[in-house]
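Colleague: start-v1.cif is reproduced in full below (mmCIF, C-alpha atoms).
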data_entry
#
loop_
_atom_site.label_atom_id
_atom_site.label_comp_id
_atom_site.auth_asym_id
_atom_site.auth_seq_id
_atom_site.Cartn_x
_atom_site.Cartn_y
_atom_site.Cartn_z
CA MET M 1 -9.89 2.54 -13.57
CA ASN M 2 -7.71 3.33 -16.58
CA ASP M 3 -8.00 1.19 -19.70
CA GLN M 4 -4.26 0.60 -19.38
CA LEU M 5 -2.70 -2.09 -17.21
CA ARG M 6 0.98 -2.69 -16.60
CA LEU M 7 2.06 -6.32 -16.65
CA ILE M 8 5.42 -7.33 -15.16
CA ILE M 9 6.54 -10.90 -15.89
CA TYR M 10 9.41 -11.99 -13.71
CA LYS M 11 11.23 -14.81 -12.00
CA ARG M 12 13.22 -14.15 -8.84
CA LYS M 13 15.02 -10.84 -9.46
CA TYR M 14 14.95 -10.97 -13.25
CA VAL M 15 12.20 -9.19 -15.21
CA TYR M 16 11.47 -10.90 -18.53
CA ASP M 17 8.78 -8.51 -19.77
CA ASP M 18 7.44 -5.12 -18.67
CA LEU M 19 4.34 -4.43 -20.75
CA ASN M 20 1.67 -1.78 -21.18
CA ALA M 21 -1.59 -3.57 -21.92
CA LEU M 22 -4.30 -1.59 -23.71
CA PRO M 23 -7.45 -2.82 -25.47
CA LYS M 24 -5.91 -1.80 -28.82
CA LEU M 25 -2.41 -3.20 -28.35
CA ILE M 26 0.29 -4.46 -26.02
CA SER M 27 3.62 -2.62 -26.06
CA GLU M 28 6.84 -2.53 -24.09
CA TYR M 29 6.75 -0.23 -21.10
CA LYS M 30 9.12 2.70 -21.65
CA LYS M 31 10.46 4.20 -18.49
CA THR M 32 10.87 7.99 -18.55
CA SER M 33 12.66 10.47 -16.34
CA CYS M 34 9.28 11.43 -14.83
CA ASP M 35 8.66 7.92 -13.50
CA ASN M 36 10.70 8.41 -10.34
CA ASP M 37 8.81 11.61 -9.47
CA LEU M 38 5.52 9.90 -10.29
CA CYS M 39 6.34 7.00 -7.96
CA ASN M 40 7.07 9.43 -5.14
CA LYS M 41 3.79 11.32 -5.61
CA THR M 42 1.40 8.44 -6.35
CA LYS M 43 0.93 5.13 -4.67
CA LEU M 44 1.48 2.03 -6.76
CA TYR M 45 -0.62 -1.04 -6.05
CA PRO M 46 1.25 -4.30 -6.75
CA LEU M 47 -0.99 -7.29 -7.35
CA PHE M 48 0.32 -10.85 -7.49
CA LEU M 49 -1.88 -13.06 -9.62
CA ARG M 50 -0.49 -16.19 -8.02
CA LYS M 51 2.33 -16.22 -5.50
CA LYS M 52 3.41 -19.75 -6.44
CA GLY M 53 3.82 -18.61 -10.02
CA PHE M 54 2.62 -19.84 -13.40
CA ASN M 55 4.04 -22.32 -15.85
CA ALA M 56 6.44 -20.37 -18.11
CA TYR M 57 5.07 -22.08 -21.25
CA LEU M 58 1.53 -21.07 -20.30
CA ILE M 59 2.41 -17.39 -19.75
CA SER M 60 4.39 -17.30 -22.98
CA LEU M 61 1.31 -18.52 -24.85
CA TYR M 62 -0.93 -16.14 -22.88
CA ILE M 63 1.08 -13.05 -23.85
CA TYR M 64 1.47 -14.22 -27.45
CA VAL M 65 -2.29 -14.65 -27.93
CA MET M 66 -2.94 -11.28 -26.25
CA ARG M 67 -0.60 -9.63 -28.74
CA CYS M 68 -2.17 -11.33 -31.77
CA SER M 69 -5.90 -11.39 -30.98
CA ASN M 70 -7.90 -8.21 -30.35
CA VAL M 71 -10.89 -10.16 -29.05
CA TYR M 72 -8.84 -12.25 -26.63
CA ARG M 73 -6.88 -9.20 -25.44
CA LYS M 74 -10.03 -7.22 -24.59
CA ALA M 75 -11.55 -10.19 -22.79
CA ALA M 76 -8.34 -10.88 -20.85
CA LEU M 77 -8.03 -7.23 -19.80
CA ASP M 78 -11.63 -7.14 -18.63
CA ILE M 79 -10.98 -10.17 -16.42
CA LEU M 80 -7.82 -8.57 -14.99
CA LYS M 81 -9.67 -5.31 -14.25
CA ASN M 82 -12.46 -7.17 -12.47
CA PHE M 83 -9.85 -9.04 -10.48
CA VAL M 84 -8.21 -5.74 -9.46
CA ARG M 85 -11.57 -4.25 -8.39
CA ALA M 86 -12.41 -7.33 -6.36
CA LYS M 87 -9.00 -7.23 -4.67
CA PHE M 88 -8.86 -3.55 -3.72
CA LYS M 89 -12.63 -2.92 -3.45
CA GLU M 90 -12.19 0.31 -5.44
CA ASP M 91 -11.04 1.74 -8.74
CA VAL M 92 -7.25 1.79 -8.71
CA GLN M 93 -5.42 4.06 -11.18
CA ASP M 94 -1.86 2.75 -10.77
CA CYS M 95 -1.81 -1.04 -10.48
CA LEU M 96 1.06 -3.36 -11.31
CA ILE M 97 0.02 -6.87 -12.31
CA LEU M 98 2.92 -9.08 -11.20
CA ILE M 99 3.08 -12.44 -12.97
CA LYS M 100 5.64 -14.79 -11.47
CA LEU M 101 7.12 -17.56 -13.60
CA ARG M 102 8.08 -21.03 -12.48
CA SER M 103 9.97 -23.68 -14.38
CA PRO M 104 7.71 -26.28 -16.04
CA LYS M 105 7.66 -29.69 -14.46
CA TYR M 106 8.22 -31.34 -17.82
CA GLN M 107 10.51 -29.76 -20.41
CA TYR M 108 10.13 -30.54 -24.10
CA LEU M 109 12.43 -30.09 -27.07
CA ASP M 110 11.26 -28.69 -30.37
CA TYR M 111 13.17 -31.04 -32.69
CA ASN M 112 11.87 -29.44 -35.89
CA TRP M 113 13.05 -25.97 -34.81
CA ASN M 114 16.35 -27.45 -33.63
CA GLU M 115 16.86 -28.97 -37.09
CA LYS M 116 16.14 -25.61 -38.76
CA ILE M 117 18.57 -23.77 -36.47
CA THR M 118 21.24 -26.40 -37.12
CA ARG M 119 20.88 -25.94 -40.88
CA MET M 120 21.05 -22.16 -40.52
CA VAL M 121 24.20 -22.38 -38.39
CA MET M 122 25.89 -24.77 -40.83
CA GLU M 123 24.92 -22.53 -43.76
CA ARG M 124 26.32 -19.47 -41.99
CA GLN M 125 29.53 -21.35 -41.22
CA GLU M 126 29.97 -22.39 -44.87
CA ILE M 127 29.24 -18.85 -46.10
CA ASP M 128 31.79 -17.37 -43.67
CA HIS M 129 34.34 -19.96 -44.81
CA ALA M 130 33.71 -19.19 -48.49
CA MET M 131 33.84 -15.46 -47.76
CA SER M 132 37.29 -15.73 -46.19
CA TRP M 133 38.64 -17.69 -49.17
CA LEU M 134 37.16 -15.22 -51.67
CA SER M 135 38.63 -12.29 -49.72
CA THR M 136 42.11 -13.80 -49.88
CA LEU M 137 41.79 -14.71 -53.55
CA GLY M 138 40.20 -11.39 -54.48
CA GLY M 139 42.95 -9.43 -52.71
CA ALA M 140 45.61 -11.28 -54.68
CA PHE M 141 43.96 -10.67 -58.07
CA SER M 142 43.20 -7.06 -57.14
CA ALA M 143 46.90 -6.47 -56.42
CA LEU M 144 47.80 -7.94 -59.83
CA GLY M 145 45.00 -5.95 -61.48
CA ASP M 146 47.21 -2.85 -61.60
CA TYR M 147 49.39 -4.66 -64.15
CA SER M 148 46.94 -6.99 -65.90
CA ASP M 149 43.42 -6.37 -67.22
CA HIS M 150 42.71 -10.10 -67.03
CA CYS M 151 43.47 -10.16 -63.28
CA ALA M 152 41.36 -7.03 -62.76
CA LYS M 153 38.37 -8.72 -64.45
CA ILE M 154 38.76 -11.84 -62.28
CA ALA M 155 38.96 -9.62 -59.17
CA GLY M 156 35.68 -7.99 -60.27
CA GLN M 157 33.99 -11.38 -60.70
CA ILE M 158 35.16 -12.42 -57.23
CA SER M 159 33.74 -9.17 -55.82
CA ILE M 160 30.35 -9.99 -57.36
CA GLU M 161 30.37 -13.44 -55.72
CA GLN M 162 31.34 -11.83 -52.41
CA CYS M 163 28.46 -9.38 -52.78
CA LYS M 164 26.00 -12.26 -53.27
CA LEU M 165 27.27 -13.98 -50.12
CA SER M 166 27.10 -10.69 -48.20
CA ILE M 167 23.44 -10.32 -49.15
CA ARG M 168 22.82 -13.87 -47.87
CA LEU M 169 24.51 -12.90 -44.61
CA GLY M 170 22.31 -9.81 -44.34
CA ASP M 171 25.20 -7.42 -43.64
CA PRO M 172 24.72 -4.05 -45.46
CA GLN M 173 28.20 -2.79 -44.50
CA LEU M 174 29.82 -5.91 -45.96
CA VAL M 175 27.73 -5.55 -49.14
CA ALA M 176 28.99 -1.96 -49.49
CA ARG M 177 32.61 -3.10 -49.12
CA CYS M 178 32.17 -5.75 -51.81
CA LYS M 179 30.71 -3.11 -54.12
CA LEU M 180 33.75 -0.97 -53.41
CA TYR M 181 36.00 -3.88 -54.43
CA ALA M 182 34.01 -4.12 -57.67
CA ALA M 183 34.46 -0.37 -58.20
CA LEU M 184 38.23 -0.82 -57.76
CA SER M 185 38.17 -3.57 -60.39
CA LEU M 186 36.36 -1.27 -62.84
CA LEU M 187 38.87 1.46 -62.06
CA GLN M 188 41.75 -0.88 -62.93
CA GLN M 189 39.98 -1.55 -66.25
CA ASN M 190 39.89 2.22 -66.93
CA ASN M 191 36.11 2.44 -66.47
CA PHE M 192 36.37 5.72 -64.56
CA LYS M 193 32.80 6.97 -64.97
CA VAL M 194 31.02 3.96 -63.42
CA SER M 195 33.69 3.56 -60.75
CA LYS M 196 33.35 7.23 -59.78
CA CYS M 197 29.54 6.95 -59.34
CA MET M 198 29.88 3.77 -57.27
CA VAL M 199 32.48 5.24 -54.92
CA LYS M 200 30.35 8.36 -54.34
CA LYS M 201 27.27 6.29 -53.43
CA ILE M 202 29.26 3.97 -51.16
CA PHE M 203 30.89 6.91 -49.40
CA GLU M 204 27.47 8.49 -48.83
CA PHE M 205 26.26 5.18 -47.36
CA ALA M 206 29.33 5.02 -45.09
CA VAL M 207 28.73 8.57 -43.81
CA ASN M 208 25.05 7.89 -43.10
CA ASN M 209 25.94 4.71 -41.19
CA LYS M 210 28.98 6.28 -39.46
CA ASP M 211 31.28 3.57 -40.80
CA VAL M 212 34.67 5.30 -40.48
CA ARG M 213 36.62 2.34 -41.86
CA LEU M 214 34.52 2.22 -45.04
CA GLN M 215 34.86 6.00 -45.43
CA ARG M 216 38.66 5.69 -45.38
CA MET M 217 38.52 2.83 -47.87
CA CYS M 218 36.45 5.01 -50.20
CA GLN M 219 38.92 7.87 -49.81
CA GLY M 220 41.76 5.50 -50.74
CA VAL M 221 39.99 4.27 -53.88
CA TRP M 222 39.05 7.86 -54.75
CA ALA M 223 42.68 8.97 -54.49
CA LYS M 224 43.71 6.09 -56.76
CA LEU M 225 40.95 7.03 -59.21
CA GLN M 226 42.16 10.62 -59.42
CA TYR M 227 45.77 9.52 -59.85
CA LEU M 228 45.03 7.02 -62.64
CA TYR M 229 42.66 9.47 -64.37
CA HIS M 230 45.33 12.21 -64.47
CA GLN M 231 47.92 9.71 -65.67
CA LYS M 232 45.62 8.68 -68.52
CA ARG M 233 45.02 12.33 -69.45
CA LYS M 234 48.77 12.97 -69.55
CA LYS M 235 49.30 9.99 -71.85
CA LEU M 236 46.57 11.19 -74.18
CA ASN M 237 48.01 14.69 -74.28
CA ASN M 238 51.51 13.38 -74.94
CA GLY M 239 50.17 11.17 -77.72
CA ARG M 240 48.52 14.10 -79.44
CA ARG M 241 51.76 16.04 -79.40
#
For the structure just supplied, provide its representation as structure tokens.

Modeller:
Amino acid sequence: MNDQLRLIIYKRKYVYDDLNALPKLISEYKKTSCDNDLCNKTKLYPLFLRKKGFNAYLISLYIYVMRCSNVYRKAALDILKNFVRAKFKEDVQDCLILIKLRSPKYQYLDYNWNEKITRMVMERQEIDHAMSWLSTLGGAFSALGDYSDHCAKIAGQISIEQCKLSIRLGDPQLVARCKLYAALSLLQQNNFKVSKCMVKKIFEFAVNNKDVRLQRMCQGVWAKLQYLYHQKRKKLNNGRR
């Protein structure tokens, strides 16, 4: 018999887990294009551990401990292999261990986890709410930043706060957009060198992540950067004359 066993955990027609169980590890079974040909050539031996099914909580714990403990996993696999040999009276190469789930008689609620999830949801809701307000406020100050350095600085500060919230949300694309807003604020304050470096890095990130919208935003800021830079050069040249 192979060291590998395939465990299929299911209930009715729904498969919850399809696992490859080895003494070294348990991993998800990855179906390949050769599987259909293999099924036609070789005979698969399905084996039901218990037709009535097992308590879903028990199987969840069983798989979890098998994943975490090398000693327990090896012992559990040895028992399953002995069970297969006793069932088929021979060494079977292709055996499917079918583990049927049944709903527990008594359900329980994890109140501590429920409290944590509730706090996380409320925090996410407040962050989204604050993000929407900062976006509206930042857009207004950014529009006025073309005419006022003070408004451009405030828009930059708002962008920094948006970036902090984006990091809390764990959204890299949103973080990149907030950095682009900060680059626009620096551009409005005539800090062309830093703004130019930021836009290049953000555009590279957008290309790598195939974010077309962010790429177009970078192109828009880049066009504005070139325009304002040439305007400043013209003013300097006219002043020298």

Colleague: Considering all atoms listed in the file, return as a PyMOL selection string whatever protein or nucleic-acid residues lie within 6 Å of region 22-28 of chain M, sequence-local ones (same chain, fewer than 3 positions apart) excluded.

Modeller: chain M and resi 4+19+67+74

Colleague: Can you measure CA of Lys87 (chain M) to CA of Leu7 (chain M) for me? One decimal in Å is fine.

Modeller: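 Rounded to one decimal, the two atoms are 16.3 Å apart.
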
Colleague: When you count all atoms listed in the file, which of these residues is closest to Arg216 (chain M): M:Met131, M:Val71, M:Leu228, M:Ile202?

Modeller: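 When distances to Arg216 (chain M) are compared using all atoms listed in the file, the smallest one comes from M:Ile202.
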
Colleague: Report as a list in words all protein, DNA and RNA residues lying within 10 Å of Gln173 (chain M), evaluated on all atoms listed in the file, omitting residues in the same chain fewer than 5 positions from it.

Modeller: Ser166, Cys178, Lys179, Ile202, Phe205, Ala206, Asn209, Asp211 and Leu214 of chain M

Colleague: To test your reading of the syntax: which residues would the PyMOL selection byres ((chain M and resi 16) around 12) return for the file shown? Reply as a list in words.

Modeller: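 This file gives the following for the PyMOL selection byres ((chain M and resi 16) around 12): Leu7, Ile8, Ile9, Tyr10, Lys11, Arg12, Lys13, Tyr14, Val15, Asp17, Asp18, Leu19, Glu28, Tyr29, Ala56, Ile59, Ser60, Ile63, Leu98, Ile99, Lys100 and Leu101 of chain M.
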
Colleague: My list of candidates is M:Ala152, M:Ala76, M:Leu47, M:Val65. Which is closest to Gln188 (chain M) when distances are computed with all atoms listed in the file?

Modeller: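 The answer is M:Ala152, which sits nearest to Gln188 (chain M).
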
Colleague: Quick one: apply the PyMOL selection byres ((chain M and resi 182) around 10) to the file and drop the selected residues here as a PyMOL selection string.

Modeller: chain M and resi 142+152-153+155-160+162-163+176-181+183-188+195+198-199

Colleague: With all atoms listed in the file as the basis for distance, which of M:Val121, M:Val84, M:Val212, M:Gly53 is at the shortest distance from Ile97 (chain M)?

Modeller: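 Selected residue with least distance to Ile97 (chain M): M:Val84.
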
Colleague: Which value, in Å to one decimal, gives the distance between CA of Lys235 (chain M) and CA of Asp149 (chain M)?

Modeller: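 Separating CA of Lys235 (chain M) from CA of Asp149 (chain M) is a distance of 18.0 Å.
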
Colleague: Find the residue from M:Phe192, M:Phe48, M:Tyr147, M:Phe203 that sits nearest to Gln226 (chain M); use all atoms listed in the file when measuring.

Modeller: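 Distance minimum relative to Gln226 (chain M) lands on M:Phe192.
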
Colleague: Rank M:Lys193, M:Arg168, M:Arg50, M:Lys201 by their smallest atom-to-atom distance to Arg124 (chain M), using only C-alpha atoms, and report the top residue only.

Modeller: M:Arg168
